[in-house]
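Following: one structure in structure tokens, then a few remarks.
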Amino acid sequence: MKSGKPSAPRGFYRQIYGISPWSIRYWWMRFRANRRLFRGLVATLFLLVGFAVLALTLFRPRLSEGYHGLRAERYDARARAFLDADDAASAKIELQNSLRHRPDSPGTLGLYAQVLDRLGEEGAFFPAMEAWLADSTNEALGIQALRLCLQGGQGEAAGVIAARLVKQFPASFEVRLLMASFWTMRGRPDFAYQAACKARDLNPADPRADFATANLGALQTDPKIRDASIARLDAFRSDAKHFLPATRALVSALAGRQPATALTLQDELIAQEPNPWAARLQRAAIAHRLHPEQTPAAIDALLATAATATQTNAAASLSLRLLTTAQTQEILDRLPAAHRARPPLLLTQLRLWDNAGAWDRIIEASSAAIPTDLKPQQKLDLWIWQARAHRERRDQPALLASLRVARNLARAEPIRQLQAAQLFLAFGFHDESRACFQELADVPGQMGAFARERLLTLSWMNKDAEAMLATAEKALTANPRNPVAMNNVAACLLLLDRDPARALDLAAAAHATRTNFAHFADTHATALAANGRVIEAIAIYERTDLARIRDPAVWLNYADALFRAGRVPEARAMLTNVNEKTLLPQQMGRYRAIIGNQAGEIPPTTNTRE
């Protein structure tokens with residue numbers, strides 16, 4: 001039986017468009033559909049008759065594309081060869097060269113993230129996220145991005161990736177297992193346990209899920225789950241392969257409730273660990289619960305056996321956590337001066353002097369350390385510490401000079417600027433932190449997205465709605481289809497009472513992709529109310545689960561919709577959920593308009609068409 005499908009392309013154009021094969025329009029459409037083939041044929045013709053320049057002009061796009069692709073593939077191949085030879089440093093250079101030719105290649109970006117992770121360098125999660133965004137249907141790239149975000153402590157980015165991966169790959173064992181780590185990082189052992197249980201259900205034969213379930217179950221508040229999980233961990237200890245991780249998990253589960261038992265287990269762990277120094281560090285923390293008077297001697301013993309600067313600093317940091325500032329200072333004073341003068345131990349010493357208000361000592365010690373052979377990040381940290389001390393001493397010229405040097409050091413590379421921005425923020429240098437984030441906001445990819453998110457938070461802290469809108473617009477320009485960016489721009493426009501029609505278009509589009517998110521529903525409802533569609537706005541609020549919402553702006557927006565509809569008592573009752581001290585100036589106007597009309601008269605309503 002004939003399918004009736006016309007032969008392409010002649011039959012296609014004749015049947016679908018009714019175009020004669022002898023018409024100019026027919027050949028024009030043939031050319032548009034096969035422009036690369038025609039360009040190659042014409043270029044070959046020019047080359048044959050001697051017009052080499054015209055031929056190269058026509059060939060250039062294909063030549064350029066082929067050249068960059070070929071170069072990138074060669075660099076990728078060399079990088080893999082270096083990795084096979086266990087030379088990650090050389091592989092990194094080759095991949096950097098490859099990305100110059102093909103910067104959006106998911107495979108190269110994923111491999112680059114893998115190499116940075118192997119080298120132990122900071123920021124491996126950035127290329128991993130770029131790789132996943134370039135190919136968001138690739139489960140392996142998504143898993144790598146989530147793992148590296150969790151490993152790098154990037155909770156917010158991990159949350160975004162985790163939510164999308166669970167939706168895309170609900171039956172993925174690896175995704176569910178990583179979700180357990182994500183919820184553990186977020187401090188939600190109940191959710192982490194549920195994720196581990198789902199992973200175990202998906203692949204009961206994999207011992208990782210069984211172990212994760214037992215490990216997380218031992219931290220649950222339900223005594224039945226906790227006791228069964230502790231028993232399961234104890235059973236794991238009979239397997240030599242699982243003895244160490246099972247014992248570590250048992251120690252963590254019992255340290256708070258049964259420190260004596262945990263201490264006995266920790267001693268077994270120390271006897272079996274290939275490198276017992278970290279286990280000895282944890283033992284000191286557990287023993288402090290039982291015998292706090294012995295802690296200074298235990299810290300001294302740890303410092304005496306510390307083999308690296310990292311170990312020394314870990315012991316000093318533990319002392320700062322368990323003992324008083326004076327006791328920790330006594331312990332550090334017994335260390336050799338050369339040890340105390342270099343990071344990271346110097347940073348612990350600076351924190352002690354910061355607690356004691358010893359600003360002159362901070363300036364003296366950091367000034368002496370800066371000229372030495374330090375890593376750029378360590379020098380940056382010391383300059384910011386100096387700036388903090390100069391600010392406390394009210395030495396404005398020295399403060400400005402320190403900040404200027406720190407900003408110049410931070411500009412050397414984006415990852416360092418990000419670290420500087422966060423440290424500036426921690427020390428209360430909000431202007432400098434904002435300046436760093438503003439420069440990073442123009443960086444492509446996730447680095448810029450993270451900076452824009454932090455700028456929004458800083459602008460909100462400063463109650464600067466104009467700055468919030470500018471940042472939100474920049475994010476929307478970078479990613480016009482991003483629902484979070486659309487929602488943020490719409491919310492800022494509504495806050496500033498500007499362009500309600502555009503705000504409604506953006507809010508509706510964002511809400512359509514995030515129907516179960518209360519904040520997206522709130523922005524959509526607020527935009528509807530601002531455009532006179534109050535009945536529709538209230539309907540959105542009524543079908544949205546607002547029970548867990550703590551944001552006072554949501555309750556204010558709901559109250560405003562009720563107020564516009566003439567339901568004044570309900571609007572005022574809604575404001576009992578709002579602490580007016582948390583509101584922005586623009587929100588205070590609406591708050592006063594609702595709460596201030598105490599006579600109870602019905603306010604003029606806007607158009608409430610459905």
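Within each chain, counting starts at residue 1; across the structure tokens, chains are named A, B, ... in the order shown, with ligands numbered 1 upward in that order.
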Handout entry: Distance query range 415-420 of chain A at most 7 Å, only C-alpha atoms, self and fewer than 5 positions along chain excluded, as a list in words
Key =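 The contact residues come out as Gly123, Gln377, Ala410 and Cys436 of chain A.
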Could the residues in this selection be written to a file with N, CA and C atoms, as a CSV table (one decimal), in the first residue's frame?
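Result went into part_21.csv, see below:
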chain,number,residue,atom,x,y,z
A,123,GLY,N,36.1,25.2,43.2
A,123,GLY,CA,35.3,25.6,42.1
A,123,GLY,C,35.1,24.5,41.0
A,377,GLN,N,45.1,33.3,47.7
A,377,GLN,CA,43.9,33.4,48.6
A,377,GLN,C,44.3,33.7,50.0
A,410,ALA,N,41.5,40.3,44.6
A,410,ALA,CA,40.3,39.6,44.3
A,410,ALA,C,40.0,39.5,42.8
A,436,CYS,N,32.1,43.3,44.5
A,436,CYS,CA,32.6,42.0,43.9
A,436,CYS,C,31.5,41.2,43.2
Practice task
Can you pull out every residue within 9 Å of Asp227 in chain A, counting only C-alpha atoms, but drop anything in the same chain fewer than 5 positions away, and send it as number ranges by chain?
Solution key: A: 217-218, 222, 232
Exercise for the section: Figure out the distance between CA of Ala530 in chain A and CA of Pro500 in chain A, please, to one decimal in Å. Expected result: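 Spanning CA of Pro500 in chain A to CA of Ala530 in chain A is a straight-line distance of 6.2 Å.
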Practice task
May I ask which of the residues A:Leu399, A:Leu374, A:Leu409, A:Ala559 is the closest one to Ala593 in chain A, counting only C-alpha atoms?
Solution key: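 The shortest atom-to-atom distance to Ala593 in chain A comes from A:Ala559.
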What parts of range 224-332 of chain A does DSSP call helix (DSSP H, G or I)? I'd like the answer as a CSV table (one decimal) with C-alpha atoms, in the first residue's frame.
chain,number,residue,atom,x,y,z
A,224,LYS,CA,12.2,2.0,66.7
A,225,ILE,CA,13.9,3.2,63.6
A,226,ARG,CA,16.9,4.4,65.6
A,227,ASP,CA,17.4,1.1,67.5
A,228,ALA,CA,16.9,-1.0,64.4
A,229,SER,CA,19.4,1.1,62.5
A,230,ILE,CA,22.0,0.9,65.2
A,231,ALA,CA,21.6,-2.8,65.3
A,232,ARG,CA,22.1,-2.9,61.5
A,233,LEU,CA,25.2,-0.8,61.7
A,234,ASP,CA,26.6,-3.2,64.4
A,235,ALA,CA,25.9,-6.0,62.0
A,236,PHE,CA,27.8,-4.2,59.2
A,243,PHE,CA,34.0,-2.2,59.6
A,244,LEU,CA,35.5,1.3,59.5
A,245,PRO,CA,32.5,3.2,57.9
A,246,ALA,CA,30.0,1.3,60.2
A,247,THR,CA,32.0,2.1,63.3
A,248,ARG,CA,32.3,5.8,62.3
A,249,ALA,CA,28.5,5.9,61.8
A,250,LEU,CA,27.9,4.3,65.1
A,251,VAL,CA,30.2,6.8,66.9
A,252,SER,CA,28.3,9.7,65.3
A,253,ALA,CA,25.0,8.2,66.3
A,254,LEU,CA,26.0,7.5,69.9
A,259,PRO,CA,29.4,9.1,74.9
A,260,ALA,CA,31.0,6.4,77.0
A,261,THR,CA,30.0,3.7,74.4
A,262,ALA,CA,31.0,6.0,71.6
A,263,LEU,CA,34.4,6.5,73.2
A,264,THR,CA,35.0,2.8,73.4
A,265,LEU,CA,34.1,2.4,69.7
A,266,GLN,CA,36.3,5.3,68.8
A,267,ASP,CA,39.3,3.6,70.4
A,268,GLU,CA,38.6,0.6,68.2
A,269,LEU,CA,38.5,2.9,65.3
A,270,ILE,CA,41.8,4.5,66.1
A,271,ALA,CA,43.4,1.0,66.3
A,272,GLN,CA,42.1,0.1,62.8
A,277,TRP,CA,45.0,11.3,63.4
A,278,ALA,CA,41.5,12.5,62.4
A,279,ALA,CA,39.9,9.8,64.6
A,280,ARG,CA,42.0,11.0,67.5
A,281,LEU,CA,40.7,14.5,66.9
A,282,GLN,CA,37.1,13.2,67.1
A,283,ARG,CA,37.9,11.3,70.2
A,284,ALA,CA,39.0,14.5,72.0
A,285,ALA,CA,35.6,16.0,71.1
A,286,ILE,CA,33.7,13.0,72.5
A,287,ALA,CA,35.9,12.7,75.6
A,288,HIS,CA,35.2,16.4,76.3
A,289,ARG,CA,31.6,15.5,77.2
A,290,LEU,CA,32.8,13.1,79.9
A,292,PRO,CA,36.2,18.4,80.1
A,293,GLU,CA,39.1,19.0,82.5
A,294,GLN,CA,41.3,16.7,80.4
A,295,THR,CA,40.6,18.5,77.1
A,296,PRO,CA,43.6,20.9,77.2
A,297,ALA,CA,46.0,18.1,77.6
A,298,ALA,CA,44.3,16.1,74.8
A,299,ILE,CA,44.6,19.1,72.5
A,300,ASP,CA,48.3,19.6,73.4
A,301,ALA,CA,48.9,15.9,72.5
A,302,LEU,CA,47.2,16.3,69.2
A,303,LEU,CA,49.2,19.4,68.3
A,304,ALA,CA,52.4,17.6,69.3
A,305,THR,CA,51.7,14.9,66.7
A,309,ALA,CA,49.7,22.7,58.8
A,310,THR,CA,46.1,21.5,58.1
A,311,GLN,CA,46.2,19.1,61.0
A,312,THR,CA,47.7,21.7,63.3
A,313,ASN,CA,44.9,24.1,62.4
A,314,ALA,CA,42.2,21.5,62.9
A,315,ALA,CA,43.4,20.8,66.4
A,316,ALA,CA,43.6,24.6,67.1
A,317,SER,CA,40.1,25.0,65.7
A,318,LEU,CA,38.8,22.2,67.9
A,319,SER,CA,40.3,23.9,70.9
A,320,LEU,CA,38.6,27.1,70.0
A,321,ARG,CA,35.3,25.2,69.8
A,322,LEU,CA,35.6,23.3,73.0
A,325,THR,CA,39.4,31.9,74.3
A,326,ALA,CA,42.0,32.2,77.1
A,327,GLN,CA,42.6,28.4,77.2
A,328,THR,CA,43.0,28.2,73.4
A,329,GLN,CA,45.5,31.1,73.5
A,330,GLU,CA,47.6,29.4,76.1
A,331,ILE,CA,47.7,26.3,73.9
A,332,LEU,CA,48.8,28.3,70.9
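Between CA of Ile362 in chain A and CA of Ala406 in chain A the interatomic distance comes to 16.0 Å.
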Exercise for the section: Using only C-alpha atoms, find the one residue out of A:Cys492, A:Ala240, A:Ala518, A:Ala398 that sits nearest to Ile363 in chain A. Expected result: A:Ala398
Problem - A:Cys197, A:Ala571, A:Ala509, A:Leu456 ranked by distance to Pro480 in chain A, top pick (using only C-alpha atoms) - result: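 Closest residue, counting only C-alpha atoms: A:Ala509.
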